[in-house]
Structure formats: C-alpha cells, structure tokens
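Undergrad: The following block contains the structure, expressed as structure tokens.
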Amino acid sequence: MIGPWYPPALPESGKIPGGDMPSDKVLIGPAHLAKAKAVFPALFGLVSPRLSGGERTVVSVHGGSGVGKSEVGALLGYYLNQLGIGTYVLSGDNYPHRVPHDNDHERALIYREWGLKGLVSAGEYRPERNQHLLEWQTEDRDSDPRLAESNPWMEVYQTAGRRGLEGYLGGPAEIDYEEINRILAAFHGGASSLMLRRMGREVSDLWYDSVDVSMTKVLLVEWTHGNSRFLKGVNVPILLHSTPAETMEHRRQRNRDSAVTSAFTTLVLEIEQHQILSQAKAAKIIVTNSAFLVTLDQLGGFATPGTH
C-alpha cells in the first residue's frame, strides 16, 4: 500500500496511451479517474512485492461491457509508467475466434438453433409457430420475454436459446484462450517481444504486431473476460463492478453498436454479468461504480461500500 498517494496530472491534451484494440475509443471522464484513484494504492501494494522479487506481473481489469475497463486500464497503466514501472495495456477484445460482425451473427445463430431444438424436444414445434418465429427473428424480437406472455410456447424457445448462449459466451468456442494464454506464459517466461493480435470489426481488419516488452514489468489486460476460469497467468484480477442497468447505460452512452437497446443485447449483457459475478471470488480488488473498494461479501449483498 502506498499513501498518501496523488495521481499524476494527465497531459494537457488529456490523452494517454490506451489498450491495443484498433477500434476502441478511450474517453476518460471523472468517474474513470475516481475509480483509478481508488484502485491504484491497493494495486501497487499487490504488485510491489512481485516486482521486488524480480517477477513480472499480469494484471487484469475486468467487468461488464461499457463499465470503463479501457479507460481505467489506461489510467492504471499510465500511473505505473509514471512511476517508472514499464507497463503495456493489452486488450482482450483482440482474441475472439471471430471478428465482431461475424461473432454477432454466431451468437444469434446459436440462440435460435438452441431455441428451435428446445421446441422440438418439448413437442412444442409447429409449422405455424415457425412462421411467427421467422417474423420475430427478422425484427430481432425473438428474445423479447414479452412475447411469451401471449405465446407460452415462446418461453420454451427462449429458455433453450438462453441455455445455448450461456454455453457459448465467454467460453473457448467464442474466445481463443489458447492464444492469449500462450502470450501471458511467454511474458511470465521473460520474453523480450510478443507477437500480439490486432482485430477490427471486419474480416479484413486482422493482423499482428511485434511488441517490444523487454522493459515491461506489468502486462495489464483490460477485458470483459479478464477473470475467466479459462484464462491462465493473471496475478491481480481487478473487478469493476456495475449493475446490469448501469452497464446498459454505459454502453448506450458509448454507442458500442446500433442494437444497444435490443432484447438480444440485453440478454447477452445479463449472461455476461452473471458470469462476471460468479467469478468475483477470484478478484483481488473490487471497485464499485461509485469508486468505492468493497469486499466480496459486500458485493454479494450490495452492502454499504467500504473505504476508498
């Protein structure tokens, strides 16, 4: 722990290096500064013993979509670099098997395939019902729970579809954990350079850069899945906690996609949020959306935040 600690001033431009996701926008605001200021002393306290022992350290900043991982990760990396601790910020969003455009289609396909199989398995499939489904799918409404109120068989479809989506999101079928784990292992092993992936939104936007990490002591991974059980080699997982409503609002403000308020996007965010909370026990630092550090017990009950 360090203290009293005051964050260094940002450059006059207000711009600092962010993660290495080509299409990501890092727009730092007061809320991000507050979270980073709350987290940094605790982070430094966990990182320092490892660095003193000559060990490289992998830190992950994880949480729901739009919670500020890119911004807080960039700030923490900036603070460490300002203290002379060489830090590189890596975006985990470069490591899915499919570019975002194709992955969105894959998610929808899995949901609908499992939904239809669920209807067939339950003996609820009818040709006329499939006609309704085709219409709702075209309108991107087939995951809207309100449809089940007047069409009870849709609950079967939606429950099965959700189950299929839960098995895909954040798992090895969606994410290339083998590659990113190999990168983290190489960093821990003392590699002087890393071949890192770059991914845009289209298939043509995919390439690799060789990055010099010979002077890098901390590799900071900012990523929704930065605390996944499939990710190996993270020493200090940091959870940026937010409620599903807060996550949706953050995403809307960032305008991450045109379907930000769709029922399907809401479903994806709910599943991601559940996965993140189920992994929270492994987090070394947890900070709320109001920039308070909390324990796992406090997080579970949404109790009164702990100390800054």
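Just remember, in the structure tokens the first chain shown is A, the second B, etc., residues are 1-based per chain, and ligands are 1-based in the order shown.
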Could you name the residues that touch stretch 168-176 of chain A at 6 Å or less, counting only C-alpha atoms, but leaving out those on the same chain fewer than 4 positions away, as a CSV table (one decimal) with C-alpha atoms, in the first residue's frame?
TA:
chain,number,residue,atom,x,y,z
A,95,TYR,CA,-8.8,-12.5,-29.1
A,96,PRO,CA,-12.2,-13.9,-30.1
A,97,HIS,CA,-12.3,-16.5,-32.9
Undergrad: May I have a table of the residues of stretch 159-256 of chain A lying at most 7 Å from stretch 285-290 of chain A, giving each one's closest pair of atoms and their distance in Å to one decimal, counting only C-alpha atoms, ordered by chain and ascending residue number, as CSV?
TA:
residue,atom,partner,partner_atom,distance
A:Pro237,CA,A:Ile285,CA,6.8
A:Ile238,CA,A:Ile285,CA,4.8
A:Leu239,CA,A:Ile286,CA,4.7
A:Leu240,CA,A:Val287,CA,5.3
A:His241,CA,A:Thr288,CA,4.9
A:Ser242,CA,A:Asn289,CA,5.5
Undergrad: Which residue is closest to A:Tyr111? Choose from A:Ala160, A:Leu194, A:Leu43, A:Ala280 and count only C-alpha atoms.
TA: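 With only C-alpha atoms as the atom set, the closest residue is A:Ala160.
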Undergrad: Show me, as a Markdown table, the residues of stretch 122-234 of chain A having an atom within 7 Å of stretch 65-69 of chain A, each with the closest atom pair and its distance in Å, using only C-alpha atoms.
TA:
| residue | atom | partner | partner_atom | distance |
| --- | --- | --- | --- | --- |
| A:Glu222 | CA | A:Lys69 | CA | 5.7 |
| A:Trp223 | CA | A:Lys69 | CA | 6.8 |
| A:Thr224 | CA | A:Ser65 | CA | 6.6 |
Undergrad: Using only C-alpha atoms, can you tell me which of A:Ser60, A:Ser52, A:Ser193, A:Asn130 comes closest to A:Ala282?
TA: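 Closest residue, counting only C-alpha atoms: A:Ser60.
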Undergrad: Mind giving me the straight-line distance from atom CA of A:Ile110 to atom CA of A:Gly164 in Å, one decimal?
TA: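 Those two atoms sit 6.2 Å apart.
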Undergrad: From the DSSP assignment of the backbone, select every residue of stretch 31-271 of chain A that is alpha helix (DSSP H), and format the answer as a JSON list (two decimals) with C-alpha atoms, in the first residue's frame.
TA:
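For reference, out06.json as written:
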[["chain", "number", "residue", "atom", "x", "y", "z"],
["A", 31, "ALA", "CA", -15.84, 8.58, -12.97],
["A", 32, "HIS", "CA", -12.87, 6.76, -14.53],
["A", 33, "LEU", "CA", -10.40, 8.98, -12.67],
["A", 34, "ALA", "CA", -12.21, 8.29, -9.39],
["A", 35, "LYS", "CA", -12.11, 4.52, -9.90],
["A", 36, "ALA", "CA", -8.44, 4.51, -10.91],
["A", 37, "LYS", "CA", -7.53, 6.69, -7.91],
["A", 38, "ALA", "CA", -9.37, 4.29, -5.57],
["A", 39, "VAL", "CA", -7.79, 1.19, -7.07],
["A", 40, "PHE", "CA", -4.19, 2.24, -7.57],
["A", 41, "PRO", "CA", -2.87, 2.17, -3.98],
["A", 42, "ALA", "CA", -4.25, -1.35, -3.49],
["A", 43, "LEU", "CA", -2.88, -2.42, -6.87],
["A", 44, "PHE", "CA", 0.55, -1.01, -6.09],
["A", 45, "GLY", "CA", 0.54, -2.86, -2.78],
["A", 46, "LEU", "CA", -0.07, -6.18, -4.56],
["A", 47, "VAL", "CA", 2.33, -5.57, -7.44],
["A", 48, "SER", "CA", 5.30, -4.21, -5.49],
["A", 49, "PRO", "CA", 6.36, -7.45, -3.73],
["A", 50, "ARG", "CA", 6.38, -9.30, -7.03],
["A", 51, "LEU", "CA", 8.42, -6.62, -8.75],
["A", 52, "SER", "CA", 10.85, -6.50, -5.84],
["A", 69, "LYS", "CA", -12.32, -1.09, -18.47],
["A", 70, "SER", "CA", -10.49, 0.63, -21.32],
["A", 71, "GLU", "CA", -10.34, 3.97, -19.51],
["A", 72, "VAL", "CA", -9.46, 2.65, -16.06],
["A", 73, "GLY", "CA", -6.95, 0.22, -17.56],
["A", 74, "ALA", "CA", -5.32, 3.07, -19.49],
["A", 75, "LEU", "CA", -5.13, 5.20, -16.34],
["A", 76, "LEU", "CA", -3.62, 2.42, -14.22],
["A", 77, "GLY", "CA", -1.08, 1.74, -16.95],
["A", 78, "TYR", "CA", -0.27, 5.46, -17.13],
["A", 79, "TYR", "CA", 0.20, 5.71, -13.35],
["A", 80, "LEU", "CA", 2.53, 2.69, -13.29],
["A", 81, "ASN", "CA", 4.58, 4.02, -16.20],
["A", 82, "GLN", "CA", 4.85, 7.41, -14.49],
["A", 100, "PRO", "CA", -17.34, -8.68, -34.01],
["A", 101, "HIS", "CA", -19.52, -8.60, -37.13],
["A", 102, "ASP", "CA", -19.33, -12.39, -37.55],
["A", 103, "ASN", "CA", -19.49, -13.10, -33.83],
["A", 104, "ASP", "CA", -22.77, -11.19, -33.54],
["A", 105, "HIS", "CA", -24.21, -13.49, -36.21],
["A", 106, "GLU", "CA", -22.80, -16.57, -34.46],
["A", 107, "ARG", "CA", -24.41, -15.58, -31.18],
["A", 108, "ALA", "CA", -27.80, -15.10, -32.85],
["A", 109, "LEU", "CA", -27.45, -18.39, -34.73],
["A", 110, "ILE", "CA", -26.67, -20.33, -31.54],
["A", 111, "TYR", "CA", -29.58, -18.74, -29.69],
["A", 112, "ARG", "CA", -32.05, -19.55, -32.47],
["A", 113, "GLU", "CA", -30.72, -23.03, -33.15],
["A", 114, "TRP", "CA", -30.98, -23.99, -29.48],
["A", 115, "GLY", "CA", -34.39, -22.33, -29.24],
["A", 116, "LEU", "CA", -35.76, -24.39, -32.12],
["A", 117, "LYS", "CA", -34.24, -27.58, -30.76],
["A", 118, "GLY", "CA", -35.87, -26.80, -27.43],
["A", 119, "LEU", "CA", -39.28, -26.53, -29.08],
["A", 120, "VAL", "CA", -38.78, -29.81, -30.92],
["A", 121, "SER", "CA", -37.57, -31.60, -27.78],
["A", 127, "PRO", "CA", -45.01, -25.00, -38.73],
["A", 128, "GLU", "CA", -47.33, -22.11, -37.99],
["A", 129, "ARG", "CA", -45.32, -21.20, -34.93],
["A", 130, "ASN", "CA", -42.17, -21.20, -37.01],
["A", 131, "GLN", "CA", -43.79, -18.60, -39.27],
["A", 132, "HIS", "CA", -44.23, -16.35, -36.25],
["A", 133, "LEU", "CA", -40.64, -17.03, -35.26],
["A", 134, "LEU", "CA", -39.33, -16.06, -38.68],
["A", 135, "GLU", "CA", -41.16, -12.77, -38.42],
["A", 136, "TRP", "CA", -39.85, -12.06, -34.92],
["A", 137, "GLN", "CA", -36.33, -13.11, -35.89],
["A", 138, "THR", "CA", -36.40, -10.75, -38.86],
["A", 147, "LEU", "CA", -43.62, -12.42, -26.44],
["A", 148, "ALA", "CA", -44.03, -15.34, -24.03],
["A", 149, "GLU", "CA", -46.86, -13.56, -22.23],
["A", 150, "SER", "CA", -49.27, -14.15, -25.13],
["A", 153, "TRP", "CA", -44.53, -21.81, -26.11],
["A", 154, "MET", "CA", -42.03, -18.94, -26.61],
["A", 155, "GLU", "CA", -40.86, -19.45, -23.03],
["A", 156, "VAL", "CA", -39.60, -22.89, -24.09],
["A", 157, "TYR", "CA", -37.84, -21.37, -27.09],
["A", 158, "GLN", "CA", -36.27, -18.52, -25.10],
["A", 159, "THR", "CA", -35.18, -20.72, -22.20],
["A", 160, "ALA", "CA", -33.45, -23.17, -24.53],
["A", 161, "GLY", "CA", -31.92, -20.35, -26.57],
["A", 162, "ARG", "CA", -30.52, -18.75, -23.45],
["A", 163, "ARG", "CA", -29.02, -22.06, -22.37],
["A", 164, "GLY", "CA", -27.18, -22.36, -25.67],
["A", 165, "LEU", "CA", -25.95, -18.78, -25.45],
["A", 166, "GLU", "CA", -24.70, -19.33, -21.90],
["A", 167, "GLY", "CA", -22.56, -22.19, -23.15],
["A", 168, "TYR", "CA", -21.01, -20.04, -25.87],
["A", 177, "TYR", "CA", -7.91, -18.59, -24.81],
["A", 178, "GLU", "CA", -5.16, -20.85, -26.09],
["A", 179, "GLU", "CA", -3.51, -17.94, -27.89],
["A", 180, "ILE", "CA", -3.84, -15.36, -25.13],
["A", 181, "ASN", "CA", -2.70, -17.87, -22.52],
["A", 182, "ARG", "CA", 0.37, -18.55, -24.65],
["A", 183, "ILE", "CA", 1.08, -14.80, -24.69],
["A", 184, "LEU", "CA", 0.77, -14.49, -20.91],
["A", 185, "ALA", "CA", 3.01, -17.53, -20.42],
["A", 186, "ALA", "CA", 5.64, -16.05, -22.74],
["A", 187, "PHE", "CA", 5.54, -12.76, -20.82],
["A", 188, "HIS", "CA", 5.97, -14.55, -17.48],
["A", 244, "PRO", "CA", -26.95, -4.57, -15.35],
["A", 245, "ALA", "CA", -28.81, -1.24, -15.58],
["A", 246, "GLU", "CA", -25.57, 0.71, -15.13],
["A", 247, "THR", "CA", -23.85, -1.46, -17.71],
["A", 248, "MET", "CA", -26.60, -0.84, -20.26],
["A", 249, "GLU", "CA", -26.46, 2.91, -19.66],
["A", 250, "HIS", "CA", -22.67, 2.96, -20.09],
["A", 251, "ARG", "CA", -23.00, 1.02, -23.31],
["A", 252, "ARG", "CA", -25.70, 3.36, -24.60],
["A", 253, "GLN", "CA", -23.52, 6.40, -23.88],
["A", 254, "ARG", "CA", -20.60, 4.83, -25.73],
["A", 263, "ALA", "CA", -33.74, -7.52, -26.25],
["A", 264, "PHE", "CA", -30.94, -9.72, -27.53],
["A", 265, "THR", "CA", -28.21, -7.28, -26.45],
["A", 266, "THR", "CA", -29.89, -7.07, -23.04],
["A", 267, "LEU", "CA", -29.85, -10.86, -22.80],
["A", 268, "VAL", "CA", -26.16, -11.03, -23.72],
["A", 269, "LEU", "CA", -25.30, -8.41, -21.10],
["A", 270, "GLU", "CA", -27.33, -10.26, -18.45],
["A", 271, "ILE", "CA", -25.48, -13.50, -19.15]]
